[in-house]
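Below is one structure; the comments refer to it alone.
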Amino acid sequence: MTATADEIESIDRPLVEPGVLERRRYQVDLARSAASGHTLVCLPTGLGKTTVSLLVTAGRLADVGGTSLLLAPTKPLVTQHAAFYREALTIPEDEIAVFTGEVSPDDRADLWERAQVVIATPQVVENDLIGGRIDLSNTTHLTFDECHRASGNYAYNYIAERYHADAENPLVTGMSASPGGDEEGIRSVCENLGLASVAVMTEEDADVAQYTHNTDVEWERVTLPDEILAIRDSLVAVIETRLERLKELGVTRTTSADVSQRDLNRMRGELRKLMDNDQSEGYEGMSVHAEVMKLRRAVTLAETQSVESLRRYFERQRNAARSSGASKASQRLVSDPKVREAMEQAESYDDLHPKFRRTRILLAQCLGIEGGERVIVFTESRDTAETLTEFLGAHFETRKFVGQGDKEGSDGMTQNEQQETLDAFRAGEFEVLVSTSVAEEGLDVPEVDLVLFYEPVPTAIRSIQRKGRTGRQAEGRVMVLLAEDTRDEAYFWKSRHEQSTMTDELQRLKDSAGEIESELAQQGLDAFGGEASPVADTDATESDAGATTAGDGGQSGLTAFGPPTTDDPDEADEAEPSDDDEQEGESEGIVATAAGEGETIEIVVDQRELDASIARDLSTREDCETRLETLEVGDYVLSDRVVIERKSVSDFLDTLTGGDRSLFDQVGDAARHYARPVVVIEGEDLYGERNVHPNAIRGALASLAVDFGASVLRTADEADTADLLHVIAGREQELDDREVSVHGEKGSKTLVEQQEYVVSAIADIGPVTARALLDEFGTVEGVMIANEDDLLEVSGVGQVTAERIREVIGSEYES
């Protein structure tokens, strides 16, 4: 595999298009390592990690066959990888499929059956696995691009678990320029993805050094003008008064606005304890704490972003304070005299921020005096990105590059718009790209002469990703703007420390890869890809270990709630229920903990439940199949008669405190269409989480059971809920031999309900206020023509609500 002077410059391998890929020894060596086992590949940004993965994929498809799956965290990255694979592989283009949310589920299922290579976002693959639309058994190579994202509940972790469990001949490659800020983070990535080997190349390696260039970071300090300092001081004064109140509550000793985020987190923990003990001071303090957090954000915007960003933030806060169910923190924030003073100062300030002028000067030097061609400006804030684009556009050919999601006052960019912008930047159609973090990871942005950070990046991972955008083919510059005596200073030192730590860790990782691999194996990662399945044994429940017979001195009858017990496992398999147990409605004393051998239970999951881990958990169980649908009634369907409506404790309490009665509508619909509606309330401390009288909670529970005939069950968390659904589904489908049948529609509203609905929709005032308004004015029309003074006469309607109603009804419509 080692290159010699006689070898051609391009790579010549099966399934690789001749003459397309330049032969680089370090890429070939990394690909060889990755082909030998589940491997984390670490390579500096811009040096061709995707080429390494492509070489492994080509080798696997040529030698083993099957399907290759490449996952990338964003749609632009997926599109970019697909274009590269289609260019560099001899595989027909229509057999290299792209999976994003823009491809329908049915089309994805069809494409999966005939594709050799699938390139996808992880969320789409996760959904398809949960919904049973794709099968990983024949997938012979799985690549996780930007694998440092494999933490928490990110989809990478679930997909890795499913792949190691389902694939007949698995091979995993993880790719990143920055897998973690320390050795623990790197090891965590390996554990989550089932990687047992580590292959590292640094810029110090001889084979790599010839392809890298100097990207030393330069820091540019700017001084804030008096006008911005005055705005900041007004906000700081409010923060200090709020901290004084928190000090009175005994959760802090400091009233300095420079309090650290760690201390603020500690305060929140103390306030939570007060709330858990049902002390009203806890609720008051939590509201004050929320206000402090909002004020700190405002200070950061004024200090480090722009006054325009601050103005937009204030406007969003004003809108939030006027909305239905506005928090007290939002309302106090916009009504405080000092905050109003800061708002007025921001409105009257006729400049943006000294960073804007410094950015313009640096770009003029690079693009004008020094003859540069391209510059990328990165910023954390979309507001700043848009303002910068407009500001720089008066002097340079400038375009923005932001994410797809729409935000208040800001439209996102579609995938096509993002791709068109990058293509135009490569083609030299404009000089300056102003981007948020969406362009940090892996996108093939062309070499640039200058990468300018509008603010320091507080994490080493993102800083390294950004630095990789320059210095690929020639020496480039990386510059960071820093506002003196602001939070920029803290981020500066944090970034420098984490970058140094990561560089050291990567070198240590390279030096001691063998030792780390041994440690990973000792922790059980060798079993992740071996014969042992990572899926938990779902044939056992707590009752297996905890149940005792009356003869043992335990509670009589507990064994009736578990599977048949016998000393002979063969006898247990053959045990049959009594005649009484077989009768309809008489088998409640037996719980099916799992399907029988070779049998599978099915659970239909509402698409909107995918934010929870329940469907993912269920889909990993060997005896359980999940199917995704958009359910009209319920969250989970377990048989033709059992439907589950799931609510967290917080959601349930919202129905009692927020005027939202949708739960009762939902349970009513469930009761009309299913014989056994079940409400699952998930979470701890139902009676202590909110300042709600226990009798109000008991009344709601009684209403669900008595008025709607629903069973109300409690679970501790999502894992507990998954276990419960699994047991109920097994009981219904295996013991009672019931089919899974989805049926039902949301009930149509009566005239009264429609009238209440129309009025409650005005400025989101809610059903309680809607009924009060209809009682007062008699008709929907009467509510619509009422003036502000008349509205104020209605019980529950205050000045803010009255103004909001008249604003919605009386404002001109602008499409």
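In the structure tokens, each chain is lettered A, B, ... as it comes, each chain's residues begin at 1, and ligands are numbered from 1 in order of appearance.
Contact shell of Arg149 in chain A at 10 Å (only C-alpha atoms; same-chain neighbours under 4 positions omitted): A:Pro73, A:Phe144, A:Asp145, A:Asn153, A:Tyr154, A:Ala155, A:Tyr156, A:Asn157, A:Ser176, A:Pro179, A:Gly180, A:Val189.
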Just write the chosen residues, C-alpha atoms, as a short mmCIF file (atom, residue, chain, number, x, y, z; two decimals), in the first residue's frame.
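So result-v3.cif came out as:
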```cif
data_model
loop_
_atom_site.label_atom_id
_atom_site.label_comp_id
_atom_site.auth_asym_id
_atom_site.auth_seq_id
_atom_site.Cartn_x
_atom_site.Cartn_y
_atom_site.Cartn_z
CA PRO A 73 -25.03 16.13 9.86
CA PHE A 144 -20.17 8.79 10.46
CA ASP A 145 -18.92 12.13 9.13
CA ASN A 153 -29.35 11.75 22.21
CA TYR A 154 -27.91 12.60 18.79
CA ALA A 155 -29.14 10.23 16.07
CA TYR A 156 -25.62 8.87 15.43
CA ASN A 157 -25.71 6.94 18.70
CA SER A 176 -13.51 14.11 12.33
CA PRO A 179 -13.26 14.34 17.88
CA GLY A 180 -13.28 15.84 21.37
CA VAL A 189 -17.13 9.13 20.73
#
```
Surrounding residues of Thr50 in chain A excluding itself and chain neighbours under 2 positions, 10 Å, only C-alpha atoms, as a list in words: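 The residues satisfying every condition are Gln27, Gly46, Leu47, Gly48, Val52, Ser53, Leu54, Leu55, Val56, Leu70, His81, Phe84, Tyr85, Thr143, Asp145, Met175, Ser176 and Gly442 of chain A.
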Limited to C-alpha atoms, could you put the picked residues into a file as a PDB file, in the first residue's frame?
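The file below, again02.pdb, is the result:
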```
ATOM      1  CA  GLN A  27      -4.956   8.882   2.820  1.00  0.00           C
ATOM      2  CA  GLY A  46      -9.251  20.178   4.391  1.00  0.00           C
ATOM      3  CA  LEU A  47      -6.939  17.188   3.956  1.00  0.00           C
ATOM      4  CA  GLY A  48      -9.451  14.745   2.529  1.00  0.00           C
ATOM      5  CA  VAL A  52     -10.403   8.066   3.064  1.00  0.00           C
ATOM      6  CA  SER A  53     -14.014   6.988   3.606  1.00  0.00           C
ATOM      7  CA  LEU A  54     -14.597   6.645  -0.147  1.00  0.00           C
ATOM      8  CA  LEU A  55     -11.582   4.344  -0.508  1.00  0.00           C
ATOM      9  CA  VAL A  56     -12.870   2.127   2.298  1.00  0.00           C
ATOM     10  CA  LEU A  70     -22.529   7.615   4.694  1.00  0.00           C
ATOM     11  CA  HIS A  81     -20.589  14.159  -0.518  1.00  0.00           C
ATOM     12  CA  PHE A  84     -17.985  13.729  -4.836  1.00  0.00           C
ATOM     13  CA  TYR A  85     -18.955  10.040  -4.730  1.00  0.00           C
ATOM     14  CA  THR A 143     -19.419   6.132   7.841  1.00  0.00           C
ATOM     15  CA  ASP A 145     -18.922  12.133   9.128  1.00  0.00           C
ATOM     16  CA  MET A 175     -14.357  10.805  10.671  1.00  0.00           C
ATOM     17  CA  SER A 176     -13.507  14.108  12.334  1.00  0.00           C
ATOM     18  CA  GLY A 442     -16.859  19.833   6.451  1.00  0.00           C
TER      19      GLY A 442
END
```
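Excluding range 662-665 of chain A itself and same-chain residues fewer than 4 positions from it, the residues having an atom within 9 Å of it are Glu645, Lys647, Phe652, Thr655, Asp669, Ala670, Ser703, Leu704, Phe708, Lys746 and Gly747 of chain A, counting only C-alpha atoms.
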Next, the residues of the selection above should be written as a JSON list (two decimals), in the first residue's frame with N, CA and C atoms.
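Output saved as result.json:
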```json
[["chain", "number", "residue", "atom", "x", "y", "z"],
["A", 645, "GLU", "N", -52.27, 7.91, 25.10],
["A", 645, "GLU", "CA", -52.03, 9.36, 25.06],
["A", 645, "GLU", "C", -50.98, 9.65, 26.12],
["A", 647, "LYS", "N", -48.35, 12.06, 28.20],
["A", 647, "LYS", "CA", -48.09, 13.43, 28.64],
["A", 647, "LYS", "C", -46.99, 13.41, 29.69],
["A", 652, "PHE", "N", -49.00, 17.75, 31.47],
["A", 652, "PHE", "CA", -50.26, 17.50, 32.16],
["A", 652, "PHE", "C", -50.64, 18.69, 33.03],
["A", 655, "THR", "N", -52.24, 21.71, 31.40],
["A", 655, "THR", "CA", -53.67, 21.67, 31.14],
["A", 655, "THR", "C", -54.47, 22.26, 32.31],
["A", 669, "ASP", "N", -61.52, 12.03, 22.09],
["A", 669, "ASP", "CA", -61.41, 11.40, 20.77],
["A", 669, "ASP", "C", -60.96, 9.95, 20.90],
["A", 670, "ALA", "N", -60.00, 9.70, 21.79],
["A", 670, "ALA", "CA", -59.51, 8.34, 21.97],
["A", 670, "ALA", "C", -60.61, 7.42, 22.48],
["A", 703, "SER", "N", -61.49, 13.09, 36.45],
["A", 703, "SER", "CA", -62.24, 13.37, 35.23],
["A", 703, "SER", "C", -61.83, 12.43, 34.10],
["A", 704, "LEU", "N", -60.53, 12.21, 33.96],
["A", 704, "LEU", "CA", -60.06, 11.31, 32.92],
["A", 704, "LEU", "C", -60.61, 9.91, 33.10],
["A", 708, "PHE", "N", -64.26, 10.06, 31.10],
["A", 708, "PHE", "CA", -63.83, 9.57, 29.79],
["A", 708, "PHE", "C", -63.53, 8.07, 29.76],
["A", 746, "LYS", "N", -60.17, 12.98, 14.62],
["A", 746, "LYS", "CA", -60.46, 13.99, 15.63],
["A", 746, "LYS", "C", -61.93, 14.39, 15.52],
["A", 747, "GLY", "N", -62.56, 14.49, 16.66],
["A", 747, "GLY", "CA", -63.97, 14.80, 16.67],
["A", 747, "GLY", "C", -64.26, 16.20, 16.14]]
```
Long-range neighbours of Glu484 in chain A as a PyMOL selection string, 7 Å cut-off, only C-alpha atoms, 6 positions minimum in chain: chain A and resi 221-223
Tell me, as a PDB file with C-alpha atoms, in the first residue's frame, which residues lie within 12 Å of Phe425 in chain A, counting only C-alpha atoms; anything in the same chain fewer than 2 positions away does not count.
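Once everything was written out, this is out_28.pdb:
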```
ATOM      1  CA  GLU A 373      -9.798  36.924  -3.948  1.00  0.00           C
ATOM      2  CA  ARG A 374     -12.038  35.440  -1.261  1.00  0.00           C
ATOM      3  CA  VAL A 375     -12.840  36.034   2.415  1.00  0.00           C
ATOM      4  CA  ILE A 376     -15.141  34.226   4.847  1.00  0.00           C
ATOM      5  CA  GLU A 397     -19.602  41.701  -3.438  1.00  0.00           C
ATOM      6  CA  THR A 398     -21.082  39.991  -0.380  1.00  0.00           C
ATOM      7  CA  ARG A 399     -23.597  37.227   0.290  1.00  0.00           C
ATOM      8  CA  LYS A 400     -24.832  35.522   3.453  1.00  0.00           C
ATOM      9  CA  PHE A 401     -24.856  31.813   4.253  1.00  0.00           C
ATOM     10  CA  GLN A 418     -27.162  27.196   0.112  1.00  0.00           C
ATOM     11  CA  GLN A 419     -25.677  25.107  -2.680  1.00  0.00           C
ATOM     12  CA  GLU A 420     -26.084  27.892  -5.253  1.00  0.00           C
ATOM     13  CA  THR A 421     -24.337  30.318  -2.910  1.00  0.00           C
ATOM     14  CA  LEU A 422     -21.355  27.994  -2.403  1.00  0.00           C
ATOM     15  CA  ASP A 423     -21.126  27.294  -6.137  1.00  0.00           C
ATOM     16  CA  ALA A 427     -16.759  30.429  -9.206  1.00  0.00           C
ATOM     17  CA  GLY A 428     -15.586  33.822  -7.977  1.00  0.00           C
ATOM     18  CA  GLU A 429     -18.952  35.527  -8.509  1.00  0.00           C
ATOM     19  CA  PHE A 430     -18.559  37.357  -5.202  1.00  0.00           C
ATOM     20  CA  GLU A 431     -15.734  38.070  -2.781  1.00  0.00           C
ATOM     21  CA  VAL A 432     -17.103  37.827   0.752  1.00  0.00           C
ATOM     22  CA  LEU A 433     -19.153  35.045   2.340  1.00  0.00           C
ATOM     23  CA  VAL A 434     -20.733  35.982   5.692  1.00  0.00           C
ATOM     24  CA  ASP A 444     -16.117  22.110   0.694  1.00  0.00           C
ATOM     25  CA  VAL A 445     -15.809  25.867   0.835  1.00  0.00           C
ATOM     26  CA  PRO A 446     -12.955  26.871  -1.483  1.00  0.00           C
ATOM     27  CA  GLU A 447      -9.606  28.072  -0.223  1.00  0.00           C
ATOM     28  CA  VAL A 448      -9.805  31.626   1.020  1.00  0.00           C
TER      29      VAL A 448
END
```
Shortest interatomic distance to Gln210 in chain A - which of A:Arg86, A:Arg477, A:Arg133, A:Arg25, counting only C-alpha atoms: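 Of all the options, A:Arg25 lies closest to Gln210 in chain A.
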Selected residue, from A:Glu227, A:Ala671, A:Ala722, A:Leu43, that lies nearest to Glu204 in chain A when counting only C-alpha atoms: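 Among the listed residues, A:Leu43 lies closest to Glu204 in chain A.
Residues of range 380-436 of chain A that DSSP places in strand (DSSP E), based on the backbone of this structure, are A:Thr398, A:Arg399, A:Lys400, A:Phe401, A:Val432, A:Leu433, A:Val434, A:Ser435.
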Selection file, all heavy atoms, as a PDB file, in the first residue's frame:
```
ATOM      1  N   THR A 398     -20.904  40.744  -1.626  1.00  0.00           N
ATOM      2  CA  THR A 398     -21.082  39.991  -0.380  1.00  0.00           C
ATOM      3  C   THR A 398     -22.404  39.226  -0.398  1.00  0.00           C
ATOM      4  O   THR A 398     -23.423  39.749  -0.855  1.00  0.00           O
ATOM      5  CB  THR A 398     -21.078  40.947   0.829  1.00  0.00           C
ATOM      6  OG1 THR A 398     -19.901  41.750   0.792  1.00  0.00           O
ATOM      7  CG2 THR A 398     -21.129  40.178   2.131  1.00  0.00           C
ATOM      8  N   ARG A 399     -22.375  38.007   0.112  1.00  0.00           N
ATOM      9  CA  ARG A 399     -23.597  37.227   0.290  1.00  0.00           C
ATOM     10  C   ARG A 399     -23.556  36.531   1.649  1.00  0.00           C
ATOM     11  O   ARG A 399     -22.484  36.233   2.174  1.00  0.00           O
ATOM     12  CB  ARG A 399     -23.764  36.183  -0.811  1.00  0.00           C
ATOM     13  CG  ARG A 399     -23.947  36.762  -2.203  1.00  0.00           C
ATOM     14  CD  ARG A 399     -24.304  35.674  -3.198  1.00  0.00           C
ATOM     15  NE  ARG A 399     -24.147  36.124  -4.577  1.00  0.00           N
ATOM     16  CZ  ARG A 399     -24.355  35.349  -5.635  1.00  0.00           C
ATOM     17  NH1 ARG A 399     -24.708  34.080  -5.456  1.00  0.00           N
ATOM     18  NH2 ARG A 399     -24.182  35.827  -6.860  1.00  0.00           N
ATOM     19  N   LYS A 400     -24.740  36.222   2.174  1.00  0.00           N
ATOM     20  CA  LYS A 400     -24.832  35.522   3.453  1.00  0.00           C
ATOM     21  C   LYS A 400     -24.996  34.028   3.224  1.00  0.00           C
ATOM     22  O   LYS A 400     -25.407  33.580   2.148  1.00  0.00           O
ATOM     23  CB  LYS A 400     -25.991  36.061   4.276  1.00  0.00           C
ATOM     24  CG  LYS A 400     -27.366  35.654   3.752  1.00  0.00           C
ATOM     25  CD  LYS A 400     -28.487  36.130   4.676  1.00  0.00           C
ATOM     26  CE  LYS A 400     -29.853  35.657   4.135  1.00  0.00           C
ATOM     27  NZ  LYS A 400     -30.972  36.091   5.005  1.00  0.00           N
ATOM     28  N   PHE A 401     -24.671  33.268   4.260  1.00  0.00           N
ATOM     29  CA  PHE A 401     -24.856  31.813   4.253  1.00  0.00           C
ATOM     30  C   PHE A 401     -25.343  31.418   5.639  1.00  0.00           C
ATOM     31  O   PHE A 401     -24.570  31.419   6.595  1.00  0.00           O
ATOM     32  CB  PHE A 401     -23.540  31.112   3.913  1.00  0.00           C
ATOM     33  CG  PHE A 401     -23.690  29.638   3.640  1.00  0.00           C
ATOM     34  CD1 PHE A 401     -24.057  29.195   2.383  1.00  0.00           C
ATOM     35  CD2 PHE A 401     -23.454  28.707   4.635  1.00  0.00           C
ATOM     36  CE1 PHE A 401     -24.193  27.837   2.119  1.00  0.00           C
ATOM     37  CE2 PHE A 401     -23.589  27.349   4.378  1.00  0.00           C
ATOM     38  CZ  PHE A 401     -23.958  26.910   3.114  1.00  0.00           C
ATOM     39  N   VAL A 432     -16.980  37.983  -0.699  1.00  0.00           N
ATOM     40  CA  VAL A 432     -17.103  37.827   0.752  1.00  0.00           C
ATOM     41  C   VAL A 432     -18.325  36.963   1.079  1.00  0.00           C
ATOM     42  O   VAL A 432     -19.441  37.253   0.632  1.00  0.00           O
ATOM     43  CB  VAL A 432     -17.243  39.195   1.452  1.00  0.00           C
ATOM     44  CG1 VAL A 432     -17.350  39.010   2.967  1.00  0.00           C
ATOM     45  CG2 VAL A 432     -16.071  40.097   1.103  1.00  0.00           C
ATOM     46  N   LEU A 433     -18.081  35.901   1.838  1.00  0.00           N
ATOM     47  CA  LEU A 433     -19.153  35.045   2.340  1.00  0.00           C
ATOM     48  C   LEU A 433     -19.287  35.310   3.837  1.00  0.00           C
ATOM     49  O   LEU A 433     -18.332  35.104   4.594  1.00  0.00           O
ATOM     50  CB  LEU A 433     -18.831  33.579   2.086  1.00  0.00           C
ATOM     51  CG  LEU A 433     -19.907  32.573   2.504  1.00  0.00           C
ATOM     52  CD1 LEU A 433     -21.105  32.651   1.578  1.00  0.00           C
ATOM     53  CD2 LEU A 433     -19.350  31.140   2.508  1.00  0.00           C
ATOM     54  N   VAL A 434     -20.456  35.762   4.272  1.00  0.00           N
ATOM     55  CA  VAL A 434     -20.733  35.982   5.692  1.00  0.00           C
ATOM     56  C   VAL A 434     -21.591  34.820   6.173  1.00  0.00           C
ATOM     57  O   VAL A 434     -22.723  34.643   5.711  1.00  0.00           O
ATOM     58  CB  VAL A 434     -21.456  37.321   5.923  1.00  0.00           C
ATOM     59  CG1 VAL A 434     -21.738  37.500   7.413  1.00  0.00           C
ATOM     60  CG2 VAL A 434     -20.621  38.475   5.398  1.00  0.00           C
ATOM     61  N   SER A 435     -21.050  34.025   7.085  1.00  0.00           N
ATOM     62  CA  SER A 435     -21.702  32.770   7.438  1.00  0.00           C
ATOM     63  C   SER A 435     -21.873  32.609   8.937  1.00  0.00           C
ATOM     64  O   SER A 435     -21.039  33.044   9.734  1.00  0.00           O
ATOM     65  CB  SER A 435     -20.869  31.590   6.902  1.00  0.00           C
ATOM     66  OG  SER A 435     -21.425  30.355   7.316  1.00  0.00           O
TER      67      SER A 435
END
```
All alpha helix (DSSP H) residues (DSSP, backbone) inside range 342-371 of chain A, as a list in words: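 Matching residues for alpha helix (DSSP H) in range 342-371 of chain A are Ala342, Met343, Glu344, Gln345, Ala346, Glu347, Ser348, Pro354, Lys355, Phe356, Arg357, Arg358, Thr359, Arg360, Ile361, Leu362, Leu363 and Ala364 of chain A.
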How would the residues just chosen look if you wrote them out with C-alpha atoms as a JSON list (two decimals), in the first residue's frame?
```
[["chain", "number", "residue", "atom", "x", "y", "z"],
["A", 342, "ALA", "CA", -31.43, 50.99, 27.31],
["A", 343, "MET", "CA", -34.00, 50.39, 24.57],
["A", 344, "GLU", "CA", -34.26, 54.11, 23.91],
["A", 345, "GLN", "CA", -30.47, 54.46, 23.85],
["A", 346, "ALA", "CA", -30.24, 51.61, 21.35],
["A", 347, "GLU", "CA", -32.92, 53.15, 19.13],
["A", 348, "SER", "CA", -31.16, 56.52, 19.08],
["A", 354, "PRO", "CA", -16.67, 49.25, 16.06],
["A", 355, "LYS", "CA", -16.16, 45.67, 14.88],
["A", 356, "PHE", "CA", -18.04, 46.56, 11.70],
["A", 357, "ARG", "CA", -15.60, 49.29, 10.74],
["A", 358, "ARG", "CA", -12.62, 47.10, 11.63],
["A", 359, "THR", "CA", -14.04, 44.27, 9.50],
["A", 360, "ARG", "CA", -14.36, 46.61, 6.52],
["A", 361, "ILE", "CA", -10.75, 47.79, 6.92],
["A", 362, "LEU", "CA", -9.37, 44.24, 7.17],
["A", 363, "LEU", "CA", -11.31, 43.14, 4.10],
["A", 364, "ALA", "CA", -10.11, 46.17, 2.14]]
```
Test item: residues at most 9 Å from range 268-272 of chain A, only C-alpha atoms, excluding those fewer than 3 positions along its chain, as a ChimeraX atom specification: /A:249-251,263-265,275-277,281-286,289
